[in-house]
>>> print(open('structure06.cif').read())   # mmCIF, C-alpha atoms
data_data
#
loop_
_atom_site.label_atom_id
_atom_site.label_comp_id
_atom_site.auth_asym_id
_atom_site.auth_seq_id
_atom_site.Cartn_x
_atom_site.Cartn_y
_atom_site.Cartn_z
CA MET A 1 -8.12 -13.77 34.69
CA PRO A 2 -9.81 -16.98 33.59
CA ARG A 3 -9.32 -17.75 29.92
CA VAL A 4 -9.75 -20.73 27.66
CA ARG A 5 -8.40 -21.35 24.20
CA THR A 6 -11.34 -21.95 21.86
CA ASN A 7 -11.97 -21.69 18.14
CA GLY A 8 -8.55 -20.09 17.56
CA ILE A 9 -8.80 -17.37 20.22
CA ASP A 10 -8.13 -16.87 23.92
CA MET A 11 -11.56 -16.24 25.42
CA HIS A 12 -11.94 -14.41 28.72
CA TYR A 13 -14.81 -15.20 31.06
CA GLU A 14 -15.75 -14.74 34.71
CA GLU A 15 -17.84 -16.96 36.97
CA ARG A 16 -20.13 -15.92 39.79
CA GLY A 17 -22.55 -17.83 41.98
CA SER A 18 -23.53 -21.48 42.01
CA GLY A 19 -26.27 -23.70 40.69
CA GLU A 20 -27.26 -24.50 37.14
CA PRO A 21 -25.04 -22.75 34.58
CA LEU A 22 -26.25 -19.51 32.99
CA ILE A 23 -24.18 -18.25 30.04
CA LEU A 24 -24.44 -14.46 29.65
CA LEU A 25 -23.65 -13.05 26.19
CA MET A 26 -23.36 -9.31 25.61
CA GLY A 27 -23.89 -7.37 22.39
CA LEU A 28 -21.43 -6.03 19.85
CA GLY A 29 -18.31 -4.50 21.38
CA ALA A 30 -19.42 -4.82 25.02
CA ASP A 31 -17.71 -7.15 27.46
CA GLY A 32 -19.15 -9.34 30.19
CA THR A 33 -18.89 -6.62 32.83
CA ALA A 34 -21.99 -5.02 31.30
CA TRP A 35 -23.96 -7.79 33.07
CA GLU A 36 -22.88 -6.61 36.56
CA ASP A 37 -26.25 -5.26 37.72
CA HIS A 38 -28.09 -8.37 36.49
CA VAL A 39 -25.58 -10.80 37.97
CA LYS A 40 -26.18 -9.46 41.46
CA ALA A 41 -29.61 -11.11 41.28
CA TYR A 42 -28.77 -14.08 39.03
CA GLU A 43 -25.81 -15.34 41.06
CA ARG A 44 -28.09 -16.19 43.97
CA HIS A 45 -29.65 -18.91 41.82
CA PHE A 46 -27.21 -19.74 39.01
CA ARG A 47 -23.57 -20.38 38.19
CA CYS A 48 -23.19 -17.29 35.98
CA ILE A 49 -20.59 -17.29 33.23
CA LEU A 50 -19.98 -13.75 31.94
CA VAL A 51 -18.39 -13.95 28.50
CA ASP A 52 -16.17 -11.49 26.65
CA ASN A 53 -16.99 -12.26 23.00
CA ARG A 54 -14.21 -12.28 20.46
CA GLY A 55 -13.13 -8.73 19.71
CA ALA A 56 -14.43 -7.39 23.05
CA GLY A 57 -13.00 -6.94 26.51
CA ARG A 58 -10.11 -9.24 27.35
CA SER A 59 -10.81 -11.89 24.69
CA GLY A 60 -8.79 -12.23 21.52
CA ASN A 61 -9.29 -9.66 18.78
CA PRO A 62 -8.28 -11.35 15.51
CA GLU A 63 -8.96 -9.92 12.06
CA GLY A 64 -12.63 -10.08 11.06
CA PRO A 65 -15.14 -10.42 9.77
CA TYR A 66 -16.95 -12.11 12.65
CA SER A 67 -20.31 -13.84 12.55
CA THR A 68 -22.82 -14.85 15.19
CA ARG A 69 -22.19 -18.47 14.19
CA MET A 70 -18.44 -18.03 14.80
CA MET A 71 -19.14 -16.50 18.21
CA ALA A 72 -21.55 -19.32 19.04
CA GLU A 73 -18.75 -21.77 18.22
CA ASP A 74 -16.49 -19.79 20.58
CA THR A 75 -19.10 -20.13 23.32
CA ALA A 76 -19.59 -23.84 22.64
CA GLY A 77 -15.83 -24.30 23.03
CA LEU A 78 -15.91 -22.40 26.32
CA MET A 79 -18.72 -24.63 27.56
CA LYS A 80 -16.77 -27.72 26.57
CA ALA A 81 -13.64 -26.47 28.36
CA LEU A 82 -15.71 -25.77 31.50
CA GLN A 83 -17.37 -29.20 31.18
CA ILE A 84 -20.83 -27.67 30.79
CA GLY A 85 -23.03 -29.97 28.73
CA LYS A 86 -26.24 -27.98 29.11
CA ALA A 87 -26.89 -24.40 30.22
CA HIS A 88 -29.39 -21.60 30.33
CA VAL A 89 -28.30 -18.86 27.92
CA SER A 90 -29.19 -15.18 27.89
CA GLY A 91 -28.10 -12.56 25.39
CA ILE A 92 -28.53 -8.84 24.91
CA SER A 93 -28.64 -7.40 21.39
CA MET A 94 -26.11 -9.33 19.26
CA GLY A 95 -25.69 -11.68 22.23
CA SER A 96 -29.22 -12.92 21.59
CA GLY A 97 -28.22 -13.79 18.01
CA ILE A 98 -25.22 -15.70 19.35
CA ALA A 99 -27.53 -17.49 21.81
CA GLN A 100 -29.85 -18.53 18.96
CA GLU A 101 -26.94 -19.91 16.95
CA LEU A 102 -25.68 -21.74 20.02
CA ALA A 103 -29.10 -23.34 20.57
#
>>> encode(input="structure06.cif", output="structure tokens")
Amino acid sequence: MPRVRTNGIDMHYEERGSGEPLILLMGLGADGTAWEDHVKAYERHFRCILVDNRGAGRSGNPEGPYSTRMMAEDTAGLMKALQIGKAHVSGISMGSGIAQELA
């Protein structure tokens, strides 16, 4: 189980494929596995990083409240740990709000 320590939590992620990095951010309460059907196509072209946001899946679940800015900081820390300076980012539902904050 790949994890990094970022922004005060242990953040779980999975990687698939190769190429330019593509960070995949799911919505409230869902983990990165919800991207499975999409990743089957994406991984042929991108290094996909499927993220479990704080409070979801196998990432840390500290006391809230959480904000999209906080989760964007989590993702930025993950990118730094993985030595990713620039990436494509896609989000579904709340994940798109996190992506906007990250940008």
>>> resolve_selection(input="structure06.cif", expression="the PyMOL selection byres ((chain A and resi 75) around 12)", output="PDB file with C-alpha atoms, in the frame of the given file")
ATOM      1  CA  VAL A   4      -9.750 -20.730  27.660  1.00  0.00           C
ATOM      2  CA  ARG A   5      -8.400 -21.350  24.200  1.00  0.00           C
ATOM      3  CA  THR A   6     -11.340 -21.950  21.860  1.00  0.00           C
ATOM      4  CA  ASN A   7     -11.970 -21.690  18.140  1.00  0.00           C
ATOM      5  CA  ILE A   9      -8.800 -17.370  20.220  1.00  0.00           C
ATOM      6  CA  ASP A  10      -8.130 -16.870  23.920  1.00  0.00           C
ATOM      7  CA  MET A  11     -11.560 -16.240  25.420  1.00  0.00           C
ATOM      8  CA  HIS A  12     -11.940 -14.410  28.720  1.00  0.00           C
ATOM      9  CA  TYR A  13     -14.810 -15.200  31.060  1.00  0.00           C
ATOM     10  CA  ILE A  23     -24.180 -18.250  30.040  1.00  0.00           C
ATOM     11  CA  LEU A  24     -24.440 -14.460  29.650  1.00  0.00           C
ATOM     12  CA  LEU A  25     -23.650 -13.050  26.190  1.00  0.00           C
ATOM     13  CA  MET A  26     -23.360  -9.310  25.610  1.00  0.00           C
ATOM     14  CA  ILE A  49     -20.590 -17.290  33.230  1.00  0.00           C
ATOM     15  CA  LEU A  50     -19.980 -13.750  31.940  1.00  0.00           C
ATOM     16  CA  VAL A  51     -18.390 -13.950  28.500  1.00  0.00           C
ATOM     17  CA  ASP A  52     -16.170 -11.490  26.650  1.00  0.00           C
ATOM     18  CA  ASN A  53     -16.990 -12.260  23.000  1.00  0.00           C
ATOM     19  CA  ARG A  54     -14.210 -12.280  20.460  1.00  0.00           C
ATOM     20  CA  SER A  59     -10.810 -11.890  24.690  1.00  0.00           C
ATOM     21  CA  THR A  68     -22.820 -14.850  15.190  1.00  0.00           C
ATOM     22  CA  ARG A  69     -22.190 -18.470  14.190  1.00  0.00           C
ATOM     23  CA  MET A  70     -18.440 -18.030  14.800  1.00  0.00           C
ATOM     24  CA  MET A  71     -19.140 -16.500  18.210  1.00  0.00           C
ATOM     25  CA  ALA A  72     -21.550 -19.320  19.040  1.00  0.00           C
ATOM     26  CA  GLU A  73     -18.750 -21.770  18.220  1.00  0.00           C
ATOM     27  CA  ASP A  74     -16.490 -19.790  20.580  1.00  0.00           C
ATOM     28  CA  ALA A  76     -19.590 -23.840  22.640  1.00  0.00           C
ATOM     29  CA  GLY A  77     -15.830 -24.300  23.030  1.00  0.00           C
ATOM     30  CA  LEU A  78     -15.910 -22.400  26.320  1.00  0.00           C
ATOM     31  CA  MET A  79     -18.720 -24.630  27.560  1.00  0.00           C
ATOM     32  CA  LYS A  80     -16.770 -27.720  26.570  1.00  0.00           C
ATOM     33  CA  ALA A  81     -13.640 -26.470  28.360  1.00  0.00           C
ATOM     34  CA  LEU A  82     -15.710 -25.770  31.500  1.00  0.00           C
ATOM     35  CA  ILE A  84     -20.830 -27.670  30.790  1.00  0.00           C
ATOM     36  CA  GLY A  85     -23.030 -29.970  28.730  1.00  0.00           C
ATOM     37  CA  ALA A  87     -26.890 -24.400  30.220  1.00  0.00           C
ATOM     38  CA  VAL A  89     -28.300 -18.860  27.920  1.00  0.00           C
ATOM     39  CA  GLY A  91     -28.100 -12.560  25.390  1.00  0.00           C
ATOM     40  CA  GLY A  95     -25.690 -11.680  22.230  1.00  0.00           C
ATOM     41  CA  ILE A  98     -25.220 -15.700  19.350  1.00  0.00           C
ATOM     42  CA  ALA A  99     -27.530 -17.490  21.810  1.00  0.00           C
ATOM     43  CA  GLN A 100     -29.850 -18.530  18.960  1.00  0.00           C
ATOM     44  CA  GLU A 101     -26.940 -19.910  16.950  1.00  0.00           C
ATOM     45  CA  LEU A 102     -25.680 -21.740  20.020  1.00  0.00           C
ATOM     46  CA  ALA A 103     -29.100 -23.340  20.570  1.00  0.00           C
TER      47      ALA A 103
END
>>> closest_residue(input="structure06.cif", among="A:Asp37, A:Phe46, A:Arg3, A:Asp31", to="Ser18 (chain A)", atoms="all atoms listed in the file")
A:Phe46
>>> closest_residue(input="structure06.cif", among="A:Glu20, A:Glu63, A:Trp35, A:Ala30", to="Arg47 (chain A)", atoms="all atoms listed in the file")
A:Glu20
>>> closest_residue(input="structure06.cif", among="A:Gly29, A:Cys48, A:Arg16, A:Gly8", to="Ser93 (chain A)", atoms="only C-alpha atoms")
A:Gly29
>>> closest_residue(input="structure06.cif", among="A:Pro62, A:Leu28, A:His88, A:Ala56", to="Tyr42 (chain A)", atoms="only C-alpha atoms")
A:His88
>>> atom_distance(input="structure06.cif", atom1="CA of Gly60 (chain A)", atom2="CA of Ile92 (chain A)")
20.3 Å
>>> closest_residue(input="structure06.cif", among="A:Gly55, A:Gly17, A:Val39, A:Pro2", to="Ser67 (chain A)", atoms="only C-alpha atoms")
A:Gly55
>>> atom_distance(input="structure06.cif", atom1="CA of Lys86 (chain A)", atom2="CA of Pro65 (chain A)")
28.4 Å
>>> axis_aligned_box(input="structure06.cif", around="region 21-26 of chain A", padding_each_side="4 Å", output="JSON")
{"center_x": -24.8, "center_y": -16.0, "center_z": 30.1, "size_x": 10.9, "size_y": 21.4, "size_z": 17.0}
>>> atom_distance(input="structure06.cif", atom1="CA of Gly19 (chain A)", atom2="CA of Met94 (chain A)")
25.8 Å
>>> closest_residue(input="structure06.cif", among="A:Pro21, A:Ser90, A:Gln83, A:Gly27", to="Gly57 (chain A)", atoms="only C-alpha atoms")
A:Gly27
>>> build_atoms(input="structure06.cif", residues="region 66-78 of chain A", atoms="N, CA, C and O atoms", output="PDB file, in the frame of the given file")
ATOM      1  N   TYR A  66     -16.400 -11.164  11.686  1.00  0.00           N
ATOM      2  CA  TYR A  66     -16.950 -12.110  12.650  1.00  0.00           C
ATOM      3  C   TYR A  66     -18.402 -12.385  12.286  1.00  0.00           C
ATOM      4  O   TYR A  66     -19.058 -11.558  11.670  1.00  0.00           O
ATOM      5  N   SER A  67     -18.896 -13.520  12.730  1.00  0.00           N
ATOM      6  CA  SER A  67     -20.310 -13.840  12.550  1.00  0.00           C
ATOM      7  C   SER A  67     -20.878 -14.348  13.869  1.00  0.00           C
ATOM      8  O   SER A  67     -20.136 -14.778  14.749  1.00  0.00           O
ATOM      9  N   THR A  68     -22.201 -14.316  13.978  1.00  0.00           N
ATOM     10  CA  THR A  68     -22.820 -14.850  15.190  1.00  0.00           C
ATOM     11  C   THR A  68     -22.556 -16.357  15.287  1.00  0.00           C
ATOM     12  O   THR A  68     -22.375 -16.868  16.385  1.00  0.00           O
ATOM     13  N   ARG A  69     -22.494 -17.036  14.164  1.00  0.00           N
ATOM     14  CA  ARG A  69     -22.190 -18.470  14.190  1.00  0.00           C
ATOM     15  C   ARG A  69     -20.779 -18.703  14.754  1.00  0.00           C
ATOM     16  O   ARG A  69     -20.559 -19.592  15.578  1.00  0.00           O
ATOM     17  N   MET A  70     -19.815 -17.901  14.313  1.00  0.00           N
ATOM     18  CA  MET A  70     -18.440 -18.030  14.800  1.00  0.00           C
ATOM     19  C   MET A  70     -18.389 -17.807  16.317  1.00  0.00           C
ATOM     20  O   MET A  70     -17.729 -18.547  17.050  1.00  0.00           O
ATOM     21  N   MET A  71     -19.123 -16.795  16.773  1.00  0.00           N
ATOM     22  CA  MET A  71     -19.140 -16.500  18.210  1.00  0.00           C
ATOM     23  C   MET A  71     -19.865 -17.582  18.986  1.00  0.00           C
ATOM     24  O   MET A  71     -19.490 -17.879  20.132  1.00  0.00           O
ATOM     25  N   ALA A  72     -20.884 -18.187  18.396  1.00  0.00           N
ATOM     26  CA  ALA A  72     -21.550 -19.320  19.040  1.00  0.00           C
ATOM     27  C   ALA A  72     -20.586 -20.498  19.157  1.00  0.00           C
ATOM     28  O   ALA A  72     -20.574 -21.195  20.187  1.00  0.00           O
ATOM     29  N   GLU A  73     -19.766 -20.707  18.145  1.00  0.00           N
ATOM     30  CA  GLU A  73     -18.750 -21.770  18.220  1.00  0.00           C
ATOM     31  C   GLU A  73     -17.723 -21.460  19.304  1.00  0.00           C
ATOM     32  O   GLU A  73     -17.265 -22.369  20.000  1.00  0.00           O
ATOM     33  N   ASP A  74     -17.378 -20.182  19.473  1.00  0.00           N
ATOM     34  CA  ASP A  74     -16.490 -19.790  20.580  1.00  0.00           C
ATOM     35  C   ASP A  74     -17.123 -20.178  21.912  1.00  0.00           C
ATOM     36  O   ASP A  74     -16.464 -20.752  22.784  1.00  0.00           O
ATOM     37  N   THR A  75     -18.392 -19.850  22.072  1.00  0.00           N
ATOM     38  CA  THR A  75     -19.100 -20.130  23.320  1.00  0.00           C
ATOM     39  C   THR A  75     -19.230 -21.631  23.558  1.00  0.00           C
ATOM     40  O   THR A  75     -19.057 -22.097  24.698  1.00  0.00           O
ATOM     41  N   ALA A  76     -19.507 -22.385  22.501  1.00  0.00           N
ATOM     42  CA  ALA A  76     -19.590 -23.840  22.640  1.00  0.00           C
ATOM     43  C   ALA A  76     -18.252 -24.411  23.109  1.00  0.00           C
ATOM     44  O   ALA A  76     -18.207 -25.312  23.954  1.00  0.00           O
ATOM     45  N   GLY A  77     -17.154 -23.872  22.593  1.00  0.00           N
ATOM     46  CA  GLY A  77     -15.830 -24.300  23.030  1.00  0.00           C
ATOM     47  C   GLY A  77     -15.562 -23.960  24.480  1.00  0.00           C
ATOM     48  O   GLY A  77     -14.956 -24.743  25.220  1.00  0.00           O
ATOM     49  N   LEU A  78     -16.026 -22.785  24.905  1.00  0.00           N
ATOM     50  CA  LEU A  78     -15.910 -22.400  26.320  1.00  0.00           C
ATOM     51  C   LEU A  78     -16.684 -23.371  27.195  1.00  0.00           C
ATOM     52  O   LEU A  78     -16.174 -23.852  28.209  1.00  0.00           O
TER      53      LEU A  78
END
